file coords.pdb (PDB, C-alpha atoms)
MODEL        1
ATOM      1  CA  MET A   1      16.931 -11.807 -16.935
ATOM      2  CA  LEU A   2      13.234 -12.359 -17.726
ATOM      3  CA  TYR A   3      11.163 -10.128 -20.013
ATOM      4  CA  PHE A   4       7.571  -9.296 -20.951
ATOM      5  CA  GLU A   5       7.451 -12.293 -23.321
ATOM      6  CA  ASP A   6       8.071 -14.648 -20.376
ATOM      7  CA  PHE A   7       4.783 -13.751 -18.646
ATOM      8  CA  PRO A   8       1.748 -14.778 -20.696
ATOM      9  CA  ALA A   9      -1.760 -14.336 -19.301
ATOM     10  CA  GLY A  10      -2.684 -17.257 -17.061
ATOM     11  CA  LEU A  11       0.836 -17.841 -15.728
ATOM     12  CA  VAL A  12       0.934 -18.490 -11.958
ATOM     13  CA  ILE A  13       4.106 -17.810  -9.937
ATOM     14  CA  ALA A  14       4.709 -18.991  -6.356
ATOM     15  CA  LEU A  15       6.413 -16.164  -4.454
ATOM     16  CA  GLY A  16       7.503 -17.989  -1.301
ATOM     17  CA  SER A  17       6.507 -17.242   2.276
ATOM     18  CA  ARG A  18       7.396 -15.140   5.282
ATOM     19  CA  THR A  19       6.439 -15.265   8.974
ATOM     20  CA  VAL A  20       5.544 -11.995  10.685
ATOM     21  CA  SER A  21       6.325 -11.400  14.376
ATOM     22  CA  GLU A  22       4.562  -9.276  16.981
ATOM     23  CA  ALA A  23       7.635  -7.016  17.196
ATOM     24  CA  GLU A  24       7.570  -6.396  13.430
ATOM     25  CA  ILE A  25       3.826  -5.621  13.474
ATOM     26  CA  ILE A  26       4.305  -3.069  16.262
ATOM     27  CA  GLU A  27       7.426  -1.497  14.708
ATOM     28  CA  PHE A  28       5.749  -1.029  11.322
ATOM     29  CA  ALA A  29       2.600   0.419  12.876
ATOM     30  CA  ARG A  30       4.532   2.852  15.103
ATOM     31  CA  GLN A  31       6.114   4.276  11.955
ATOM     32  CA  PHE A  32       3.216   4.291   9.520
ATOM     33  CA  ASP A  33      -0.138   3.325  11.070
ATOM     34  CA  PRO A  34      -0.137   4.014  14.823
ATOM     35  CA  GLN A  35      -3.699   2.907  15.619
ATOM     36  CA  TYR A  36      -3.924   1.088  18.976
ATOM     37  CA  PHE A  37      -5.065  -2.269  17.539
ATOM     38  CA  HIS A  38      -1.784  -2.343  15.579
ATOM     39  CA  THR A  39       0.561  -1.085  18.345
ATOM     40  CA  ASP A  40      -0.815  -2.085  21.771
ATOM     41  CA  PRO A  41      -1.443  -5.838  22.357
ATOM     42  CA  GLU A  42      -3.329  -5.213  25.626
ATOM     43  CA  ALA A  43      -5.704  -2.574  24.244
ATOM     44  CA  ALA A  44      -6.109  -4.615  21.030
ATOM     45  CA  ARG A  45      -7.361  -7.544  23.139
ATOM     46  CA  ARG A  46     -10.315  -5.417  24.254
ATOM     47  CA  SER A  47     -11.104  -4.250  20.683
ATOM     48  CA  ILE A  48     -13.363  -5.932  18.114
ATOM     49  CA  TRP A  49     -10.183  -7.629  16.821
ATOM     50  CA  GLY A  50      -9.604  -9.571  20.068
ATOM     51  CA  GLY A  51      -5.838  -9.083  19.818
ATOM     52  CA  LEU A  52      -3.063  -7.380  17.884
ATOM     53  CA  VAL A  53      -3.534  -7.283  14.089
ATOM     54  CA  ALA A  54      -1.088  -6.106  11.437
ATOM     55  CA  SER A  55      -1.775  -2.876   9.578
ATOM     56  CA  GLY A  56      -3.227  -3.693   6.166
ATOM     57  CA  TRP A  57      -0.371  -1.656   4.715
ATOM     58  CA  HIS A  58       2.142  -3.851   6.528
ATOM     59  CA  THR A  59       0.501  -6.923   4.982
ATOM     60  CA  THR A  60       0.686  -5.264   1.567
ATOM     61  CA  CYS A  61       4.363  -4.352   2.068
ATOM     62  CA  LEU A  62       5.167  -7.956   3.071
ATOM     63  CA  TYR A  63       3.562  -9.065  -0.212
ATOM     64  CA  MET A  64       5.738  -6.525  -2.058
ATOM     65  CA  ARG A  65       8.866  -8.004  -0.455
ATOM     66  CA  LEU A  66       7.826 -11.513  -1.514
ATOM     67  CA  LEU A  67       7.156 -10.139  -5.021
ATOM     68  CA  VAL A  68      10.659  -8.629  -5.259
ATOM     69  CA  ASP A  69      12.419 -11.735  -3.896
ATOM     70  CA  GLY A  70      10.307 -14.253  -5.798
ATOM     71  CA  HIS A  71       9.784 -12.422  -9.095
ATOM     72  CA  LEU A  72      11.027  -8.869  -9.739
ATOM     73  CA  ARG A  73      14.706  -9.548  -8.925
ATOM     74  CA  GLU A  74      15.086 -11.473 -12.176
ATOM     75  CA  VAL A  75      12.764  -9.318 -14.297
ATOM     76  CA  ASP A  76      13.479  -6.199 -16.390
ATOM     77  CA  SER A  77      11.075  -4.188 -14.215
ATOM     78  CA  ILE A  78      10.671  -0.541 -15.246
ATOM     79  CA  ALA A  79       7.860   1.019 -13.221
ATOM     80  CA  SER A  80       4.361   0.685 -11.833
ATOM     81  CA  PRO A  81       1.677   3.326 -12.341
ATOM     82  CA  GLY A  82      -0.277   1.936  -9.395
ATOM     83  CA  VAL A  83      -2.675  -0.745  -8.255
ATOM     84  CA  ASP A  84      -6.337  -1.155  -9.186
ATOM     85  CA  GLU A  85      -7.611  -2.730  -5.970
ATOM     86  CA  ILE A  86      -6.482  -4.061  -2.607
ATOM     87  CA  ARG A  87      -8.741  -6.104  -0.330
ATOM     88  CA  TRP A  88      -7.754  -7.045   3.225
ATOM     89  CA  LEU A  89      -9.950 -10.100   3.766
ATOM     90  CA  LYS A  90      -8.779 -11.568   7.089
ATOM     91  CA  PRO A  91      -6.737 -10.124   9.940
ATOM     92  CA  VAL A  92      -3.001 -10.957   9.990
ATOM     93  CA  ARG A  93      -1.786 -11.784  13.505
ATOM     94  CA  PRO A  94       1.616 -12.279  15.184
ATOM     95  CA  GLY A  95       3.212 -15.557  14.104
ATOM     96  CA  ASP A  96       1.193 -15.865  10.886
ATOM     97  CA  ARG A  97       3.102 -17.296   7.933
ATOM     98  CA  LEU A  98       2.110 -15.520   4.712
ATOM     99  CA  GLU A  99       2.550 -17.163   1.346
ATOM    100  CA  GLY A 100       2.385 -15.162  -1.878
ATOM    101  CA  ARG A 101       1.075 -16.069  -5.296
ATOM    102  CA  LEU A 102       1.035 -14.034  -8.513
ATOM    103  CA  THR A 103      -1.261 -14.686 -11.488
ATOM    104  CA  VAL A 104      -0.808 -12.831 -14.776
ATOM    105  CA  LEU A 105      -4.288 -11.592 -15.818
ATOM    106  CA  GLU A 106      -3.414  -9.598 -18.955
ATOM    107  CA  ALA A 107      -0.220  -9.020 -20.921
ATOM    108  CA  THR A 108      -0.407  -6.048 -23.339
ATOM    109  CA  PRO A 109       2.534  -4.902 -25.501
ATOM    110  CA  SER A 110       3.133  -1.134 -25.711
ATOM    111  CA  LYS A 111       0.863   0.388 -28.373
ATOM    112  CA  SER A 112       3.451   3.050 -29.227
ATOM    113  CA  GLY A 113       5.915   0.351 -30.232
ATOM    114  CA  ALA A 114       8.219   1.055 -27.265
ATOM    115  CA  ARG A 115      10.181  -1.992 -26.114
ATOM    116  CA  ARG A 116       8.006  -2.668 -23.093
ATOM    117  CA  GLY A 117       4.659  -4.076 -22.089
ATOM    118  CA  THR A 118       2.104  -3.869 -19.319
ATOM    119  CA  LEU A 119       1.159  -6.794 -17.083
ATOM    120  CA  LYS A 120      -2.045  -6.775 -15.053
ATOM    121  CA  GLN A 121      -1.515  -9.133 -12.159
ATOM    122  CA  LEU A 122      -3.561 -10.637  -9.362
ATOM    123  CA  GLY A 123      -1.506 -10.914  -6.169
ATOM    124  CA  GLN A 124      -2.745 -13.154  -3.355
ATOM    125  CA  LEU A 125      -1.508 -13.768   0.183
ATOM    126  CA  PHE A 126      -2.569 -16.887   2.093
ATOM    127  CA  ASN A 127      -1.947 -17.613   5.773
ATOM    128  CA  GLN A 128      -0.703 -20.895   7.295
ATOM    129  CA  ASN A 129      -4.299 -22.198   7.384
ATOM    130  CA  GLY A 130      -4.716 -21.681   3.651
ATOM    131  CA  GLU A 131      -7.036 -18.704   4.180
ATOM    132  CA  LEU A 132      -6.817 -15.883   1.655
ATOM    133  CA  VAL A 133      -5.886 -12.775   3.687
ATOM    134  CA  MET A 134      -5.237 -10.231   0.904
ATOM    135  CA  THR A 135      -5.776  -9.705  -2.814
ATOM    136  CA  LEU A 136      -4.140  -6.980  -4.885
ATOM    137  CA  ARG A 137      -4.634  -6.096  -8.559
ATOM    138  CA  ALA A 138      -1.374  -4.563  -9.688
ATOM    139  CA  ILE A 139      -0.098  -2.988 -12.888
ATOM    140  CA  SER A 140       3.524  -3.498 -13.858
ATOM    141  CA  ILE A 141       5.541  -2.187 -16.813
ATOM    142  CA  ILE A 142       8.395  -4.431 -17.876
ATOM    143  CA  GLY A 143      10.874  -4.488 -20.737
ATOM    144  CA  ARG A 144      10.526  -6.667 -23.849
ATOM    145  CA  ARG A 145      13.259  -9.134 -24.709
ATOM    146  CA  PRO A 146      16.065  -7.383 -26.651
ATOM    147  CA  ALA A 147      16.054  -8.270 -30.369
TER     148      ALA A 147
ATOM    149  CA  MET B 148     -14.194  11.859  19.255
ATOM    150  CA  LEU B 149     -15.600  12.316  15.742
ATOM    151  CA  TYR B 150     -18.149   9.996  14.112
ATOM    152  CA  PHE B 151     -19.646   9.072  10.733
ATOM    153  CA  GLU B 152     -22.065  12.012  10.958
ATOM    154  CA  ASP B 153     -19.112  14.429  11.026
ATOM    155  CA  PHE B 154     -17.920  13.488   7.517
ATOM    156  CA  PRO B 155     -20.486  14.411   4.828
ATOM    157  CA  ALA B 156     -19.669  13.916   1.139
ATOM    158  CA  GLY B 157     -17.667  16.848  -0.175
ATOM    159  CA  LEU B 158     -15.806  17.558   3.055
ATOM    160  CA  VAL B 159     -12.075  18.272   2.524
ATOM    161  CA  ILE B 160      -9.551  17.702   5.336
ATOM    162  CA  ALA B 161      -5.946  18.983   5.314
ATOM    163  CA  LEU B 162      -3.720  16.225   6.733
ATOM    164  CA  GLY B 163      -0.463  18.137   7.257
ATOM    165  CA  SER B 164       2.910  17.437   5.708
ATOM    166  CA  ARG B 165       6.074  15.412   6.130
ATOM    167  CA  THR B 166       9.549  15.588   4.569
ATOM    168  CA  VAL B 167      11.163  12.326   3.482
ATOM    169  CA  SER B 168      14.942  11.822   3.647
ATOM    170  CA  GLU B 169      17.287   9.712   1.516
ATOM    171  CA  ALA B 170      18.051   7.529   4.557
ATOM    172  CA  GLU B 171      14.331   6.839   5.117
ATOM    173  CA  ILE B 172      13.788   5.981   1.445
ATOM    174  CA  ILE B 173      16.668   3.492   1.498
ATOM    175  CA  GLU B 174      15.686   1.959   4.869
ATOM    176  CA  PHE B 175      12.082   1.382   3.796
ATOM    177  CA  ALA B 176      13.137  -0.101   0.452
ATOM    178  CA  ARG B 177      15.710  -2.436   2.026
ATOM    179  CA  GLN B 178      12.900  -3.884   4.132
ATOM    180  CA  PHE B 179      10.019  -4.021   1.678
ATOM    181  CA  ASP B 180      10.964  -3.097  -1.890
ATOM    182  CA  PRO B 181      14.685  -3.715  -2.503
ATOM    183  CA  GLN B 182      14.850  -2.672  -6.163
ATOM    184  CA  TYR B 183      18.092  -0.803  -6.966
ATOM    185  CA  PHE B 184      16.410   2.493  -7.938
ATOM    186  CA  HIS B 185      15.014   2.614  -4.363
ATOM    187  CA  THR B 186      18.157   1.461  -2.491
ATOM    188  CA  ASP B 187      21.289   2.494  -4.442
ATOM    189  CA  PRO B 188      21.662   6.241  -5.240
ATOM    190  CA  GLU B 189      24.603   5.630  -7.623
ATOM    191  CA  ALA B 190      22.895   2.920  -9.674
ATOM    192  CA  ALA B 191      19.618   4.886  -9.593
ATOM    193  CA  ARG B 192      21.426   7.838 -11.236
ATOM    194  CA  ARG B 193      22.100   5.648 -14.284
ATOM    195  CA  SER B 194      18.465   4.389 -14.449
ATOM    196  CA  ILE B 195      15.524   5.980 -16.284
ATOM    197  CA  TRP B 196      14.729   7.719 -12.959
ATOM    198  CA  GLY B 197      17.987   9.736 -12.966
ATOM    199  CA  GLY B 198      18.353   9.345  -9.198
ATOM    200  CA  LEU B 199      16.955   7.659  -6.124
ATOM    201  CA  VAL B 200      13.139   7.478  -5.957
ATOM    202  CA  ALA B 201      10.952   6.309  -3.076
ATOM    203  CA  SER B 202       9.082   3.024  -3.387
ATOM    204  CA  GLY B 203       5.454   3.735  -4.272
ATOM    205  CA  TRP B 204       4.555   1.736  -1.164
ATOM    206  CA  HIS B 205       6.696   4.034   0.967
ATOM    207  CA  THR B 206       4.827   7.031  -0.463
ATOM    208  CA  THR B 207       1.531   5.309   0.324
ATOM    209  CA  CYS B 208       2.655   4.499   3.885
ATOM    210  CA  LEU B 209       3.689   8.137   4.434
ATOM    211  CA  TYR B 210       0.162   9.134   3.376
ATOM    212  CA  MET B 211      -1.231   6.615   5.888
ATOM    213  CA  ARG B 212       0.825   8.200   8.657
ATOM    214  CA  LEU B 213      -0.476  11.668   7.739
ATOM    215  CA  LEU B 214      -4.009  10.197   7.686
ATOM    216  CA  VAL B 215      -3.628   8.775  11.208
ATOM    217  CA  ASP B 216      -2.064  11.944  12.660
ATOM    218  CA  GLY B 217      -4.367  14.378  10.840
ATOM    219  CA  HIS B 218      -7.656  12.456  10.910
ATOM    220  CA  LEU B 219      -7.996   8.915  12.297
ATOM    221  CA  ARG B 220      -6.595   9.697  15.769
ATOM    222  CA  GLU B 221      -9.779  11.569  16.651
ATOM    223  CA  VAL B 222     -12.219   9.321  14.761
ATOM    224  CA  ASP B 223     -14.088   6.182  15.867
ATOM    225  CA  SER B 224     -12.287   4.161  13.184
ATOM    226  CA  ILE B 225     -13.296   0.477  13.027
ATOM    227  CA  ALA B 226     -11.728  -1.110   9.946
ATOM    228  CA  SER B 227     -10.944  -0.828   6.268
ATOM    229  CA  PRO B 228     -11.826  -3.530   3.739
ATOM    230  CA  GLY B 229      -9.258  -2.129   1.315
ATOM    231  CA  VAL B 230      -8.608   0.516  -1.296
ATOM    232  CA  ASP B 231     -10.130   0.843  -4.755
ATOM    233  CA  GLU B 232      -7.209   2.453  -6.568
ATOM    234  CA  ILE B 233      -3.727   3.870  -6.043
ATOM    235  CA  ARG B 234      -1.907   5.917  -8.670
ATOM    236  CA  TRP B 235       1.746   6.921  -8.305
ATOM    237  CA  LEU B 236       1.834   9.948 -10.623
ATOM    238  CA  LYS B 237       5.269  11.502 -10.036
ATOM    239  CA  PRO B 238       8.453  10.153  -8.483
ATOM    240  CA  VAL B 239       9.102  11.071  -4.820
ATOM    241  CA  ARG B 240      12.760  12.004  -4.214
ATOM    242  CA  PRO B 241      14.946  12.602  -1.148
ATOM    243  CA  GLY B 242      14.074  15.896   0.538
ATOM    244  CA  ASP B 243      10.557  16.101  -0.926
ATOM    245  CA  ARG B 244       7.918  17.510   1.396
ATOM    246  CA  LEU B 245       4.633  15.644   1.000
ATOM    247  CA  GLU B 246       1.338  17.235   1.944
ATOM    248  CA  GLY B 247      -1.813  15.173   2.364
ATOM    249  CA  ARG B 248      -5.435  15.987   1.612
ATOM    250  CA  LEU B 249      -8.548  13.883   2.139
ATOM    251  CA  THR B 250     -11.877  14.430   0.357
ATOM    252  CA  VAL B 251     -15.011  12.513   1.374
ATOM    253  CA  LEU B 252     -16.574  11.175  -1.852
ATOM    254  CA  GLU B 253     -19.485   9.140  -0.451
ATOM    255  CA  ALA B 254     -20.886   8.588   3.051
ATOM    256  CA  THR B 255     -23.215   5.581   3.316
ATOM    257  CA  PRO B 256     -24.847   4.448   6.603
ATOM    258  CA  SER B 257     -24.873   0.691   7.287
ATOM    259  CA  LYS B 258     -27.815  -0.952   5.502
ATOM    260  CA  SER B 259     -28.179  -3.554   8.283
ATOM    261  CA  GLY B 260     -28.829  -0.811  10.822
ATOM    262  CA  ALA B 261     -25.510  -1.389  12.627
ATOM    263  CA  ARG B 262     -24.126   1.720  14.303
ATOM    264  CA  ARG B 263     -21.512   2.385  11.654
ATOM    265  CA  GLY B 264     -21.124   3.750   8.158
ATOM    266  CA  THR B 265     -18.796   3.544   5.182
ATOM    267  CA  LEU B 266     -16.824   6.480   3.817
ATOM    268  CA  LYS B 267     -15.342   6.427   0.337
ATOM    269  CA  GLN B 268     -12.459   8.852   0.328
ATOM    270  CA  LEU B 269     -10.067  10.360  -2.167
ATOM    271  CA  GLY B 270      -6.588  10.747  -0.683
ATOM    272  CA  GLN B 271      -4.073  13.028  -2.410
ATOM    273  CA  LEU B 272      -0.397  13.739  -1.786
ATOM    274  CA  PHE B 273       1.242  16.859  -3.205
ATOM    275  CA  ASN B 274       4.957  17.681  -3.219
ATOM    276  CA  GLN B 275       6.588  21.020  -2.304
ATOM    277  CA  ASN B 276       6.068  22.244  -5.886
ATOM    278  CA  GLY B 277       2.308  21.643  -5.677
ATOM    279  CA  GLU B 278       2.530  18.621  -7.987
ATOM    280  CA  LEU B 279       0.146  15.755  -7.304
ATOM    281  CA  VAL B 280       2.370  12.706  -6.660
ATOM    282  CA  MET B 281      -0.215  10.126  -5.507
ATOM    283  CA  THR B 282      -3.961   9.518  -5.418
ATOM    284  CA  LEU B 283      -5.668   6.790  -3.415
ATOM    285  CA  ARG B 284      -9.343   5.828  -3.283
ATOM    286  CA  ALA B 285      -9.883   4.345   0.160
ATOM    287  CA  ILE B 286     -12.799   2.738   1.977
ATOM    288  CA  SER B 287     -13.172   3.315   5.697
ATOM    289  CA  ILE B 288     -15.711   1.982   8.197
ATOM    290  CA  ILE B 289     -16.359   4.262  11.143
ATOM    291  CA  GLY B 290     -18.768   4.326  14.056
ATOM    292  CA  ARG B 291     -21.961   6.439  14.169
ATOM    293  CA  ARG B 292     -22.425   8.943  16.965
ATOM    294  CA  PRO B 293     -23.812   7.210  20.077
ATOM    295  CA  ALA B 294     -27.505   8.033  20.689
TER     296      ALA B 294
ENDMDL
END
call {"tool": "encode", "arguments": {"input": "coords.pdb", "output": "structure tokens"}}
result
Amino acid sequence: MLYFEDFPAGLVIALGSRTVSEAEIIEFARQFDPQYFHTDPEAARRSIWGGLVASGWHTTCLYMRLLVDGHLREVDSIASPGVDEIRWLKPVRPGDRLEGRLTVLEATPSKSGARRGTLKQLGQLFNQNGELVMTLRAISIIGRRPA
Amino acid sequence: MLYFEDFPAGLVIALGSRTVSEAEIIEFARQFDPQYFHTDPEAARRSIWGGLVASGWHTTCLYMRLLVDGHLREVDSIASPGVDEIRWLKPVRPGDRLEGRLTVLEATPSKSGARRGTLKQLGQLFNQNGELVMTLRAISIIGRRPA
């Protein structure tokens, strides 16, 4: 198990990668973001996007899955109060391979003396061409190493 | 179809409501956020949460669905560069009914003269007890009314 002390500011963690299919893009969008450029390849082709694009929320959720598999699974993760910013910089299209990276920006121990600390993190997703498709500034509360 | 001109700053839009089930919480989390307090009711009972809680991302995606059904479906929606802030304020639990509300904070026409404008919006989700469970500050680019 890893703790707050294991994540100093400046640390960079590779989160692995994941390829997203057209079927997954459509299934996600039908549930949560049924706009035609996310659900209908033919209509999307005639839009400003020139073809089907993933919902930004789908892209963000794929990052979250990489974060759990590549980081949180081995961390004493307690909660997250939220995120400070998300930017969807490039469209994500069927067949894109997304690779995640986490950078610790700030690591602040609890001021009340509780056995936890807050990490401010920059999350990044790159596609198979090395283009940055999403950034996310997240806040994460994790436990300190037991005495 | 509704356009930029239809959404002045200060406008409040009721987005309707949606009840979330235990099965939906677990299915979403297995796909995108497989932490035990989102996927395993028994283990979640012994956590600081005292029972299963929805992934914050699931809560956010449920808001997105309310936003599409209650607003975007009838709007000339073009894109979103991202969101400025999300706060998960209260846990969302199986059986909770979530009600969405959108407030237009700023409406800014394109400076380049393009036929679109940017809306800064405050999104809010309340549960069946009237408690605010999530806020989201979103940015949305929508088309201006054709001449």
call {"tool": "closest_atom_pairs", "arguments": {"input": "coords.pdb", "of": "chain B", "to": "chain A", "cutoff": "7 Å", "atoms": "only C-alpha atoms", "output": "tab-separated table"}}
result
residue	atom	partner	partner_atom	distance
B:Phe179	CA	A:Arg65	CA	4.7
B:Asp180	CA	A:Arg65	CA	5.5
B:Pro181	CA	A:Val68	CA	6.9
B:Trp204	CA	A:Cys61	CA	6.9
B:Cys208	CA	A:Phe32	CA	5.7
B:Leu209	CA	A:Phe32	CA	6.4
B:Met211	CA	A:Phe32	CA	6.2
B:Arg212	CA	A:Phe32	CA	4.7
B:Val215	CA	A:Asp33	CA	6.5
B:Pro228	CA	A:Trp88	CA	5.4
B:Gly229	CA	A:Arg87	CA	4.3
B:Val230	CA	A:Ile86	CA	5.2
B:Asp231	CA	A:Glu85	CA	4.5
B:Glu232	CA	A:Asp84	CA	4.5
B:Ile233	CA	A:Gly82	CA	5.2
B:Arg234	CA	A:Gly82	CA	4.4
B:Trp235	CA	A:Pro81	CA	5.4
B:Leu236	CA	A:Pro81	CA	6.8
call {"tool": "write_last_selection", "arguments": {"input": "coords.pdb", "atoms": "C-alpha atoms", "output": "PDB file, in the coordinates of the input"}}
result
ATOM      1  CA  PHE B 179      10.019  -4.021   1.678  1.00  0.00           C
ATOM      2  CA  ASP B 180      10.964  -3.097  -1.890  1.00  0.00           C
ATOM      3  CA  PRO B 181      14.685  -3.715  -2.503  1.00  0.00           C
ATOM      4  CA  TRP B 204       4.555   1.736  -1.164  1.00  0.00           C
ATOM      5  CA  CYS B 208       2.655   4.499   3.885  1.00  0.00           C
ATOM      6  CA  LEU B 209       3.689   8.137   4.434  1.00  0.00           C
ATOM      7  CA  MET B 211      -1.231   6.615   5.888  1.00  0.00           C
ATOM      8  CA  ARG B 212       0.825   8.200   8.657  1.00  0.00           C
ATOM      9  CA  VAL B 215      -3.628   8.775  11.208  1.00  0.00           C
ATOM     10  CA  PRO B 228     -11.826  -3.530   3.739  1.00  0.00           C
ATOM     11  CA  GLY B 229      -9.258  -2.129   1.315  1.00  0.00           C
ATOM     12  CA  VAL B 230      -8.608   0.516  -1.296  1.00  0.00           C
ATOM     13  CA  ASP B 231     -10.130   0.843  -4.755  1.00  0.00           C
ATOM     14  CA  GLU B 232      -7.209   2.453  -6.568  1.00  0.00           C
ATOM     15  CA  ILE B 233      -3.727   3.870  -6.043  1.00  0.00           C
ATOM     16  CA  ARG B 234      -1.907   5.917  -8.670  1.00  0.00           C
ATOM     17  CA  TRP B 235       1.746   6.921  -8.305  1.00  0.00           C
ATOM     18  CA  LEU B 236       1.834   9.948 -10.623  1.00  0.00           C
TER      19      LEU B 236
END
call {"tool": "residues_around", "arguments": {"input": "coords.pdb", "residues": "range 259-275 of chain B", "least_positions_apart": "5", "cutoff": "7 Å", "atoms": "only C-alpha atoms", "output": "ChimeraX atom specification"}}
result
/B:151,210,243-254,280-291
call {"tool": "resolve_selection", "arguments": {"input": "coords.pdb", "expression": "the PyMOL selection byres ((chain A and resi 93) around 8)", "output": "CSV table (one decimal) with C-alpha atoms, in the frame of the given file"}}
result
chain,number,residue,atom,x,y,z
A,20,VAL,CA,5.5,-12.0,10.7
A,22,GLU,CA,4.6,-9.3,17.0
A,51,GLY,CA,-5.8,-9.1,19.8
A,52,LEU,CA,-3.1,-7.4,17.9
A,53,VAL,CA,-3.5,-7.3,14.1
A,54,ALA,CA,-1.1,-6.1,11.4
A,91,PRO,CA,-6.7,-10.1,9.9
A,92,VAL,CA,-3.0,-11.0,10.0
A,94,PRO,CA,1.6,-12.3,15.2
A,95,GLY,CA,3.2,-15.6,14.1
A,96,ASP,CA,1.2,-15.9,10.9
call {"tool": "atom_distance", "arguments": {"input": "coords.pdb", "atom1": "CA of Ile25 in chain A", "atom2": "CA of Gly163 in chain B"}}
result
24.9 Å
call {"tool": "atom_distance", "arguments": {"input": "coords.pdb", "atom1": "CA of Pro293 in chain B", "atom2": "CA of Met148 in chain B"}}
result
10.7 Å
call {"tool": "atom_distance", "arguments": {"input": "coords.pdb", "atom1": "CA of Asn129 in chain A", "atom2": "CA of Glu24 in chain A"}}
result
20.7 Å
call {"tool": "closest_residue", "arguments": {"input": "coords.pdb", "among": "A:Gly130, A:Gly50, A:Pro109, A:Gly10", "to": "Arg145 in chain A", "atoms": "all atoms listed in the file"}}
result
A:Pro109
call {"tool": "decode", "arguments": {"input": "coords.pdb", "residues": "range 81-86 of chain A", "atoms": "all heavy atoms", "output": "PDB file, in the first residue's frame"}}
result
ATOM      1  N   PRO A  81     -12.708  15.811  -3.202  1.00  0.00           N
ATOM      2  CA  PRO A  81     -13.738  16.856  -3.151  1.00  0.00           C
ATOM      3  C   PRO A  81     -14.131  17.376  -4.531  1.00  0.00           C
ATOM      4  O   PRO A  81     -15.142  18.046  -4.663  1.00  0.00           O
ATOM      5  CB  PRO A  81     -13.064  17.964  -2.332  1.00  0.00           C
ATOM      6  CG  PRO A  81     -11.600  17.739  -2.493  1.00  0.00           C
ATOM      7  CD  PRO A  81     -11.403  16.273  -2.712  1.00  0.00           C
ATOM      8  N   GLY A  82     -13.317  17.063  -5.555  1.00  0.00           N
ATOM      9  CA  GLY A  82     -13.667  17.539  -6.887  1.00  0.00           C
ATOM     10  C   GLY A  82     -12.458  17.740  -7.777  1.00  0.00           C
ATOM     11  O   GLY A  82     -11.367  17.246  -7.478  1.00  0.00           O
ATOM     12  N   VAL A  83     -12.675  18.430  -8.876  1.00  0.00           N
ATOM     13  CA  VAL A  83     -11.574  18.781  -9.771  1.00  0.00           C
ATOM     14  C   VAL A  83     -11.624  20.288 -10.010  1.00  0.00           C
ATOM     15  O   VAL A  83     -12.683  20.914  -9.934  1.00  0.00           O
ATOM     16  CB  VAL A  83     -11.618  18.014 -11.118  1.00  0.00           C
ATOM     17  CG1 VAL A  83     -11.621  16.522 -10.905  1.00  0.00           C
ATOM     18  CG2 VAL A  83     -12.797  18.424 -11.959  1.00  0.00           C
ATOM     19  N   ASP A  84     -10.452  20.872 -10.264  1.00  0.00           N
ATOM     20  CA  ASP A  84     -10.375  22.326 -10.433  1.00  0.00           C
ATOM     21  C   ASP A  84     -10.520  22.746 -11.890  1.00  0.00           C
ATOM     22  O   ASP A  84     -10.838  23.902 -12.156  1.00  0.00           O
ATOM     23  CB  ASP A  84      -9.034  22.855  -9.904  1.00  0.00           C
ATOM     24  CG  ASP A  84      -9.076  23.035  -8.396  1.00  0.00           C
ATOM     25  OD1 ASP A  84     -10.186  23.053  -7.826  1.00  0.00           O
ATOM     26  OD2 ASP A  84      -8.005  23.143  -7.785  1.00  0.00           O
ATOM     27  N   GLU A  85     -10.265  21.851 -12.822  1.00  0.00           N
ATOM     28  CA  GLU A  85     -10.342  22.259 -14.234  1.00  0.00           C
ATOM     29  C   GLU A  85     -10.237  21.018 -15.109  1.00  0.00           C
ATOM     30  O   GLU A  85      -9.414  20.137 -14.837  1.00  0.00           O
ATOM     31  CB  GLU A  85      -9.175  23.190 -14.564  1.00  0.00           C
ATOM     32  CG  GLU A  85      -9.247  23.816 -15.943  1.00  0.00           C
ATOM     33  CD  GLU A  85      -7.951  24.550 -16.290  1.00  0.00           C
ATOM     34  OE1 GLU A  85      -7.842  25.733 -15.969  1.00  0.00           O
ATOM     35  OE2 GLU A  85      -7.047  23.908 -16.884  1.00  0.00           O
ATOM     36  N   ILE A  86     -11.031  20.977 -16.155  1.00  0.00           N
ATOM     37  CA  ILE A  86     -10.858  19.980 -17.217  1.00  0.00           C
ATOM     38  C   ILE A  86     -10.802  20.738 -18.534  1.00  0.00           C
ATOM     39  O   ILE A  86     -11.598  21.662 -18.753  1.00  0.00           O
ATOM     40  CB  ILE A  86     -12.043  18.983 -17.290  1.00  0.00           C
ATOM     41  CG1 ILE A  86     -12.250  18.262 -15.957  1.00  0.00           C
ATOM     42  CG2 ILE A  86     -11.819  17.961 -18.406  1.00  0.00           C
ATOM     43  CD1 ILE A  86     -13.527  17.417 -15.923  1.00  0.00           C
TER      44      ILE A  86
END
